[in-house]
>>> print(open('query-v9.pdb').read())   # PDB, C-alpha atoms and all ligand atoms
ATOM      1  CA  MET A   1       0.000   0.000   0.000
ATOM      2  CA  SER A   2       1.454   3.380  -0.997
ATOM      3  CA  THR A   3       1.697   6.290   1.455
ATOM      4  CA  ASP A   4      -0.773   8.194  -0.674
ATOM      5  CA  SER A   5      -3.399   5.614   0.021
ATOM      6  CA  VAL A   6      -3.283   6.139   3.843
ATOM      7  CA  ASN A   7      -6.474   7.574   5.274
ATOM      8  CA  PRO A   8      -5.972  11.371   5.897
ATOM      9  CA  ASN A   9      -7.267  11.038   9.475
ATOM     10  CA  ARG A  10      -4.819   8.228  10.150
ATOM     11  CA  ARG A  11      -1.945  10.277   8.672
ATOM     12  CA  ARG A  12      -2.791  13.241  10.930
ATOM     13  CA  PHE A  13      -2.826  10.901  13.916
ATOM     14  CA  LEU A  14       0.587   9.428  12.974
ATOM     15  CA  ASN A  15       2.097  12.923  12.490
ATOM     16  CA  TRP A  16       0.728  14.087  15.853
ATOM     17  CA  THR A  17       2.087  11.001  17.623
ATOM     18  CA  ALA A  18       5.561  11.473  16.104
ATOM     19  CA  GLY A  19       5.601  15.115  17.242
ATOM     20  CA  VAL A  20       4.630  14.259  20.816
ATOM     21  CA  VAL A  21       7.230  11.468  21.053
ATOM     22  CA  GLY A  22       9.920  13.821  19.670
ATOM     23  CA  ALA A  23       9.079  16.593  22.134
ATOM     24  CA  VAL A  24       9.152  14.207  25.092
ATOM     25  CA  GLY A  25      12.525  12.834  23.921
ATOM     26  CA  VAL A  26      14.008  16.319  23.642
ATOM     27  CA  GLY A  27      12.682  17.146  27.123
ATOM     28  CA  TYR A  28      14.311  14.081  28.680
ATOM     29  CA  ALA A  29      17.585  14.756  26.891
ATOM     30  CA  ALA A  30      17.589  18.358  28.148
ATOM     31  CA  VAL A  31      17.200  17.446  31.841
ATOM     32  CA  PRO A  32      20.793  16.245  32.435
ATOM     33  CA  PHE A  33      22.116  19.151  30.340
ATOM     34  CA  ILE A  34      20.209  21.711  32.406
ATOM     35  CA  ARG A  35      21.239  19.935  35.603
ATOM     36  CA  SER A  36      24.886  20.103  34.514
ATOM     37  CA  MET A  37      24.582  23.902  34.219
ATOM     38  CA  SER A  38      23.544  24.495  37.817
ATOM     39  CA  PRO A  39      26.354  24.222  40.425
ATOM     40  CA  SER A  40      26.126  20.908  42.232
ATOM     41  CA  ALA A  41      26.481  20.605  45.975
ATOM     42  CA  ALA A  42      29.915  19.065  45.401
ATOM     43  CA  VAL A  43      31.134  22.029  43.368
ATOM     44  CA  MET A  44      29.764  24.462  45.941
ATOM     45  CA  ALA A  45      31.440  22.517  48.720
ATOM     46  CA  GLU A  46      34.781  22.590  46.899
ATOM     47  CA  ALA A  47      34.560  26.326  46.252
ATOM     48  CA  THR A  48      34.741  27.109  49.945
ATOM     49  CA  THR A  49      36.362  25.680  53.057
ATOM     50  CA  THR A  50      34.985  26.306  56.531
ATOM     51  CA  VAL A  51      37.453  26.465  59.422
ATOM     52  CA  ASP A  52      36.746  26.042  63.144
ATOM     53  CA  LEU A  53      38.793  28.752  64.866
ATOM     54  CA  SER A  54      37.820  27.799  68.412
ATOM     55  CA  LYS A  55      40.766  25.408  68.855
ATOM     56  CA  VAL A  56      43.473  27.657  67.410
ATOM     57  CA  ASP A  57      45.628  29.045  70.217
ATOM     58  CA  LYS A  58      47.439  32.376  70.100
ATOM     59  CA  GLY A  59      50.628  32.047  68.102
ATOM     60  CA  GLN A  60      49.440  28.799  66.515
ATOM     61  CA  ARG A  61      49.193  28.094  62.808
ATOM     62  CA  ILE A  62      46.939  25.497  61.248
ATOM     63  CA  THR A  63      46.865  24.300  57.635
ATOM     64  CA  VAL A  64      43.640  23.608  55.737
ATOM     65  CA  MET A  65      43.031  22.707  52.103
ATOM     66  CA  TRP A  66      41.045  25.018  49.842
ATOM     67  CA  GLN A  67      40.529  24.290  46.151
ATOM     68  CA  GLY A  68      43.450  21.855  46.266
ATOM     69  CA  LYS A  69      45.843  24.392  47.793
ATOM     70  CA  PRO A  70      47.227  24.549  51.339
ATOM     71  CA  VAL A  71      46.073  27.611  53.254
ATOM     72  CA  TRP A  72      47.465  28.734  56.579
ATOM     73  CA  VAL A  73      45.366  30.252  59.304
ATOM     74  CA  VAL A  74      47.614  31.924  61.886
ATOM     75  CA  ARG A  75      46.389  33.437  65.133
ATOM     76  CA  ARG A  76      48.893  36.189  65.795
ATOM     77  CA  THR A  77      49.825  37.477  69.222
ATOM     78  CA  ASP A  78      50.170  41.182  70.073
ATOM     79  CA  GLU A  79      53.957  40.773  69.955
ATOM     80  CA  MET A  80      53.748  39.284  66.477
ATOM     81  CA  LEU A  81      51.536  42.150  65.310
ATOM     82  CA  GLU A  82      53.981  44.722  66.670
ATOM     83  CA  THR A  83      56.715  43.375  64.392
ATOM     84  CA  LEU A  84      54.629  44.246  61.323
ATOM     85  CA  GLU A  85      54.988  47.964  62.021
ATOM     86  CA  ASP A  86      58.587  47.787  63.210
ATOM     87  CA  PRO A  87      60.793  49.922  60.911
ATOM     88  CA  GLU A  88      63.498  47.254  61.170
ATOM     89  CA  VAL A  89      61.064  44.888  59.431
ATOM     90  CA  THR A  90      59.265  47.273  57.071
ATOM     91  CA  GLY A  91      62.630  48.625  55.903
ATOM     92  CA  GLN A  92      63.555  45.142  54.647
ATOM     93  CA  LEU A  93      60.411  44.452  52.604
ATOM     94  CA  LYS A  94      60.046  44.464  48.818
ATOM     95  CA  ASP A  95      56.368  45.401  48.821
ATOM     96  CA  PRO A  96      55.491  46.651  52.331
ATOM     97  CA  ASP A  97      52.128  48.099  51.256
ATOM     98  CA  SER A  98      51.196  45.092  49.098
ATOM     99  CA  GLN A  99      50.812  47.255  45.998
ATOM    100  CA  GLN A 100      52.037  44.514  43.644
ATOM    101  CA  SER A 101      50.798  41.493  45.540
ATOM    102  CA  GLU A 102      47.623  39.444  45.375
ATOM    103  CA  GLN A 103      45.012  39.882  48.076
ATOM    104  CA  PRO A 104      41.368  41.034  48.377
ATOM    105  CA  GLU A 105      40.892  44.747  48.952
ATOM    106  CA  PHE A 106      40.095  44.189  52.633
ATOM    107  CA  ALA A 107      43.597  42.743  53.128
ATOM    108  CA  ALA A 108      45.559  45.526  51.427
ATOM    109  CA  ASN A 109      46.941  46.797  54.748
ATOM    110  CA  GLU A 110      50.029  46.131  56.885
ATOM    111  CA  PHE A 111      48.339  43.126  58.551
ATOM    112  CA  ARG A 112      47.142  41.744  55.219
ATOM    113  CA  SER A 113      43.921  40.626  56.876
ATOM    114  CA  ARG A 114      40.364  41.548  57.860
ATOM    115  CA  GLU A 115      41.136  41.187  61.562
ATOM    116  CA  PRO A 116      44.755  41.853  62.617
ATOM    117  CA  GLU A 117      44.765  38.783  64.878
ATOM    118  CA  TRP A 118      43.994  36.353  62.028
ATOM    119  CA  LEU A 119      46.242  35.810  59.042
ATOM    120  CA  VAL A 120      44.759  33.685  56.247
ATOM    121  CA  MET A 121      47.215  33.046  53.444
ATOM    122  CA  ILE A 122      47.936  30.599  50.634
ATOM    123  CA  ALA A 123      50.961  28.626  51.820
ATOM    124  CA  ILE A 124      52.881  28.771  48.556
ATOM    125  CA  CYS A 125      56.137  30.638  47.960
ATOM    126  CA  THR A 126      55.760  33.136  45.101
ATOM    127  CA  HIS A 127      59.131  32.138  43.636
ATOM    128  CA  LEU A 128      58.660  28.576  42.353
ATOM    129  CA  GLY A 129      55.887  27.255  44.539
ATOM    130  CA  CYS A 130      57.552  25.507  47.508
ATOM    131  CA  ILE A 131      55.856  25.527  50.901
ATOM    132  CA  PRO A 132      57.724  27.760  53.391
ATOM    133  CA  SER A 133      58.185  26.886  57.068
ATOM    134  CA  TYR A 134      56.711  28.885  59.950
ATOM    135  CA  HIS A 135      58.995  30.647  62.446
ATOM    136  CA  PRO A 136      56.933  32.817  64.786
ATOM    137  CA  GLU A 137      59.856  33.684  67.046
ATOM    138  CA  SER A 138      62.198  36.704  66.769
ATOM    139  CA  GLY A 139      65.923  36.128  66.382
ATOM    140  CA  GLY A 140      67.343  33.177  64.507
ATOM    141  CA  ASN A 141      69.626  33.217  61.507
ATOM    142  CA  PHE A 142      67.073  33.168  58.751
ATOM    143  CA  TRP A 143      67.947  36.618  57.500
ATOM    144  CA  SER A 144      71.022  38.796  57.413
ATOM    145  CA  GLY A 145      69.014  41.739  58.791
ATOM    146  CA  ALA A 146      66.867  41.682  61.897
ATOM    147  CA  TRP A 147      64.622  38.623  61.913
ATOM    148  CA  LYS A 148      61.422  39.251  63.857
ATOM    149  CA  GLY A 149      59.733  36.024  62.863
ATOM    150  CA  GLY A 150      57.865  34.965  59.755
ATOM    151  CA  PHE A 151      58.085  32.312  57.069
ATOM    152  CA  PHE A 152      61.167  30.928  55.376
ATOM    153  CA  CYS A 153      61.269  29.040  52.093
ATOM    154  CA  PRO A 154      64.132  26.544  52.175
ATOM    155  CA  CYS A 155      64.094  25.838  48.424
ATOM    156  CA  HIS A 156      66.020  28.958  47.394
ATOM    157  CA  GLY A 157      66.028  31.024  50.573
ATOM    158  CA  SER A 158      63.100  33.458  50.460
ATOM    159  CA  GLY A 159      62.058  35.154  53.696
ATOM    160  CA  TYR A 160      58.623  36.566  54.548
ATOM    161  CA  ASP A 161      57.471  38.496  57.601
ATOM    162  CA  LEU A 162      54.514  37.510  59.813
ATOM    163  CA  ALA A 163      52.089  38.971  57.260
ATOM    164  CA  GLY A 164      53.635  37.020  54.376
ATOM    165  CA  ARG A 165      55.431  40.099  52.995
ATOM    166  CA  VAL A 166      58.577  39.145  51.134
ATOM    167  CA  MET A 167      61.994  40.355  52.317
ATOM    168  CA  GLU A 168      64.399  42.261  50.081
ATOM    169  CA  GLY A 169      67.068  39.929  48.692
ATOM    170  CA  SER A 170      64.637  37.014  48.328
ATOM    171  CA  PRO A 171      64.294  35.331  44.934
ATOM    172  CA  ALA A 172      60.513  35.400  45.518
ATOM    173  CA  PRO A 173      59.103  38.503  43.783
ATOM    174  CA  LEU A 174      55.824  39.018  45.651
ATOM    175  CA  ASN A 175      54.154  38.708  49.016
ATOM    176  CA  MET A 176      52.330  35.417  49.522
ATOM    177  CA  ALA A 177      48.743  35.529  48.229
ATOM    178  CA  VAL A 178      45.735  36.075  50.497
ATOM    179  CA  PRO A 179      42.485  34.367  49.400
ATOM    180  CA  TYR A 180      39.002  35.817  49.794
ATOM    181  CA  TYR A 181      37.486  34.852  53.164
ATOM    182  CA  GLU A 182      34.789  35.882  55.628
ATOM    183  CA  PHE A 183      34.144  35.356  59.325
ATOM    184  CA  LEU A 184      30.815  33.576  59.778
ATOM    185  CA  SER A 185      30.998  34.020  63.567
ATOM    186  CA  ASP A 186      33.659  34.550  66.258
ATOM    187  CA  SER A 187      34.737  30.944  65.850
ATOM    188  CA  GLU A 188      34.059  30.154  62.220
ATOM    189  CA  LEU A 189      35.795  31.229  59.050
ATOM    190  CA  ARG A 190      34.855  30.509  55.463
ATOM    191  CA  ILE A 191      37.585  30.622  52.810
ATOM    192  CA  GLY A 192      36.500  31.302  49.228
ATOM    193  CA  GLU A 193      33.456  32.921  47.708
ATOM    194  CA  PRO A 194      30.233  30.862  47.685
ATOM    195  CA  VAL A 195      29.061  29.802  44.207
ATOM    196  CA  GLY A 196      25.555  30.803  43.123
TER     197      GLY A 196
HETATM  198  S1  LIG B 201      60.443  28.337  45.730
HETATM  199 FE1  LIG B 201      60.647  29.517  47.517
HETATM  200  S2  LIG B 201      62.530  30.476  47.290
HETATM  201 FE2  LIG B 201      62.313  29.362  45.461
END
>>> encode(input="query-v9.pdb", output="structure tokens")
Amino acid sequence: MSTDSVNPNRRRFLNWTAGVVGAVGVGYAAVPFIRSMSPSAAVMAEATTTVDLSKVDKGQRITVMWQGKPVWVVRRTDEMLETLEDPEVTGQLKDPDSQQSEQPEFAANEFRSREPEWLVMIAICTHLGCIPSYHPESGGNFWSGAWKGGFFCPCHGSGYDLAGRVMEGSPAPLNMAVPYYEFLSDSELRIGEPVG
């Protein structure tokens, strides 16, 4: 039987059925695509890291992971904060006002932080990416000038003060980077900007 011989009512029915089936198929195919466009809970969770500050003592540093990178959270003492304004320290810094370095606007100050007590910083040397060590104490032979405490990268000998500002004479060109972060309460910190 040729197509021409099909009853016109039956042909209309067949055309309508094919259209409905096609539309439903396109709808089902679009669901995973649309889902893939909205940020999943996993992506949102990876975008930020929440830190419990209640167990961090004064002078202590903890390391957390954020977006695959180590981040230090340091609770600085008053003595540590005093070193950041000491001319013996500021006179040895490449970028004391963090003009060239990477940090959110709220951290473009001598403390490089929202709250002077808390330093939050990506723990990666700006020379070739080693992880420096933490030396909160004054003295020591880490630097030819006065050493008032800070971070020292053993790979090629870069020194940083207690705000992650790089010392003159270091191969590292910039201060260590500060990520975006917010305090959610007195004892909780969130690193990174929420997605969505
Ligand atoms: S990687 Fe830190 S001084 Fe070279």
>>> closest_atom_pairs(input="query-v9.pdb", of="chain A", to="ligand LIG 201 (chain B)", cutoff="12 Å", atoms="only C-alpha atoms and all ligand atoms", output="CSV")
residue,atom,partner,partner_atom,distance
A:Ala123,CA,B:LIG201,FE1,10.6
A:Ile124,CA,B:LIG201,FE1,7.9
A:Cys125,CA,B:LIG201,FE1,4.7
A:Thr126,CA,B:LIG201,FE1,6.5
A:His127,CA,B:LIG201,S1,4.5
A:Leu128,CA,B:LIG201,S1,3.8
A:Gly129,CA,B:LIG201,S1,4.8
A:Cys130,CA,B:LIG201,S1,4.4
A:Ile131,CA,B:LIG201,FE1,7.1
A:Pro132,CA,B:LIG201,FE1,6.8
A:Ser133,CA,B:LIG201,FE1,10.2
A:Phe151,CA,B:LIG201,FE1,10.3
A:Phe152,CA,B:LIG201,FE1,8.0
A:Cys153,CA,B:LIG201,FE1,4.6
A:Pro154,CA,B:LIG201,S2,6.5
A:Cys155,CA,B:LIG201,FE2,4.9
A:His156,CA,B:LIG201,S2,3.8
A:Gly157,CA,B:LIG201,S2,4.8
A:Ser158,CA,B:LIG201,S2,4.4
A:Gly159,CA,B:LIG201,S2,7.9
A:Tyr160,CA,B:LIG201,FE1,10.2
A:Val166,CA,B:LIG201,S2,10.3
A:Met167,CA,B:LIG201,S2,11.1
A:Gly169,CA,B:LIG201,S2,10.6
A:Ser170,CA,B:LIG201,S2,6.9
A:Pro171,CA,B:LIG201,S2,5.7
A:Ala172,CA,B:LIG201,S2,5.6
A:Pro173,CA,B:LIG201,S2,9.4
A:Leu174,CA,B:LIG201,FE1,10.8
A:Asn175,CA,B:LIG201,FE1,11.4
A:Met176,CA,B:LIG201,FE1,10.4
>>> atom_distance(input="query-v9.pdb", atom1="CA of Thr48 in chain A", atom2="CA of Arg165 in chain A")
24.6 Å
>>> resolve_selection(input="query-v9.pdb", expression="the PyMOL selection byres (((chain A and resi 78) around 10) and not hetatm)", output="ChimeraX atom specification")
/A:58-59,75-77,79-83,116-117
>>> atom_distance(input="query-v9.pdb", atom1="CA of Arg61 in chain A", atom2="CA of Arg114 in chain A")
16.8 Å
>>> residues_near_point(input="query-v9.pdb", point="(40.8, 45.1, 56.1)", cutoff="12 Å", atoms="only C-alpha atoms", output="count of residues only")
21
>>> atom_distance(input="query-v9.pdb", atom1="CA of Gly192 in chain A", atom2="CA of Gln67 in chain A")
8.7 Å
>>> resolve_selection(input="query-v9.pdb", expression="the PyMOL selection byres (((chain A and resi 62-66) around 8) and not hetatm)", output="PyMOL selection string")
chain A and resi 46-49+51+56+60-61+67-74+191-192
>>> closest_residue(input="query-v9.pdb", among="A:Met121, A:Ser187, A:Val195, A:Lys94", to="Asp57 in chain A", atoms="only C-alpha atoms")
A:Ser187
>>> closest_residue(input="query-v9.pdb", among="A:Leu93, A:Ala177, A:Ile122, A:Leu184", to="Ala146 in chain A", atoms="only C-alpha atoms")
A:Leu93
>>> residues_around(input="query-v9.pdb", residues="Gly150 in chain A", least_positions_apart="3", cutoff="6 Å", atoms="all atoms listed in the file", output="short mmCIF file (atom, residue, chain, number, x, y, z; two decimals) with C-alpha atoms, in the frame of the given file")
data_model
loop_
_atom_site.label_atom_id
_atom_site.label_comp_id
_atom_site.auth_asym_id
_atom_site.auth_seq_id
_atom_site.Cartn_x
_atom_site.Cartn_y
_atom_site.Cartn_z
CA HIS A 135 59.00 30.65 62.45
CA PRO A 136 56.93 32.82 64.79
CA TYR A 160 58.62 36.57 54.55
CA ASP A 161 57.47 38.50 57.60
CA LEU A 162 54.51 37.51 59.81
#
>>> resolve_selection(input="query-v9.pdb", expression="the PyMOL selection byres (((chain A and resi 188) around 7) and not hetatm)", output="PyMOL selection string")
chain A and resi 50-53+183-187+189-190
>>> write_last_selection(input="query-v9.pdb", atoms="C-alpha atoms", output="compact mmCIF listing (two decimals), in the coordinates of the input")
# COMPACT_ATOMS: atom_id res chain seq x y z
CA THR A 50 34.98 26.31 56.53
CA VAL A 51 37.45 26.46 59.42
CA ASP A 52 36.75 26.04 63.14
CA LEU A 53 38.79 28.75 64.87
CA PHE A 183 34.14 35.36 59.32
CA LEU A 184 30.82 33.58 59.78
CA SER A 185 31.00 34.02 63.57
CA ASP A 186 33.66 34.55 66.26
CA SER A 187 34.74 30.94 65.85
CA LEU A 189 35.80 31.23 59.05
CA ARG A 190 34.85 30.51 55.46
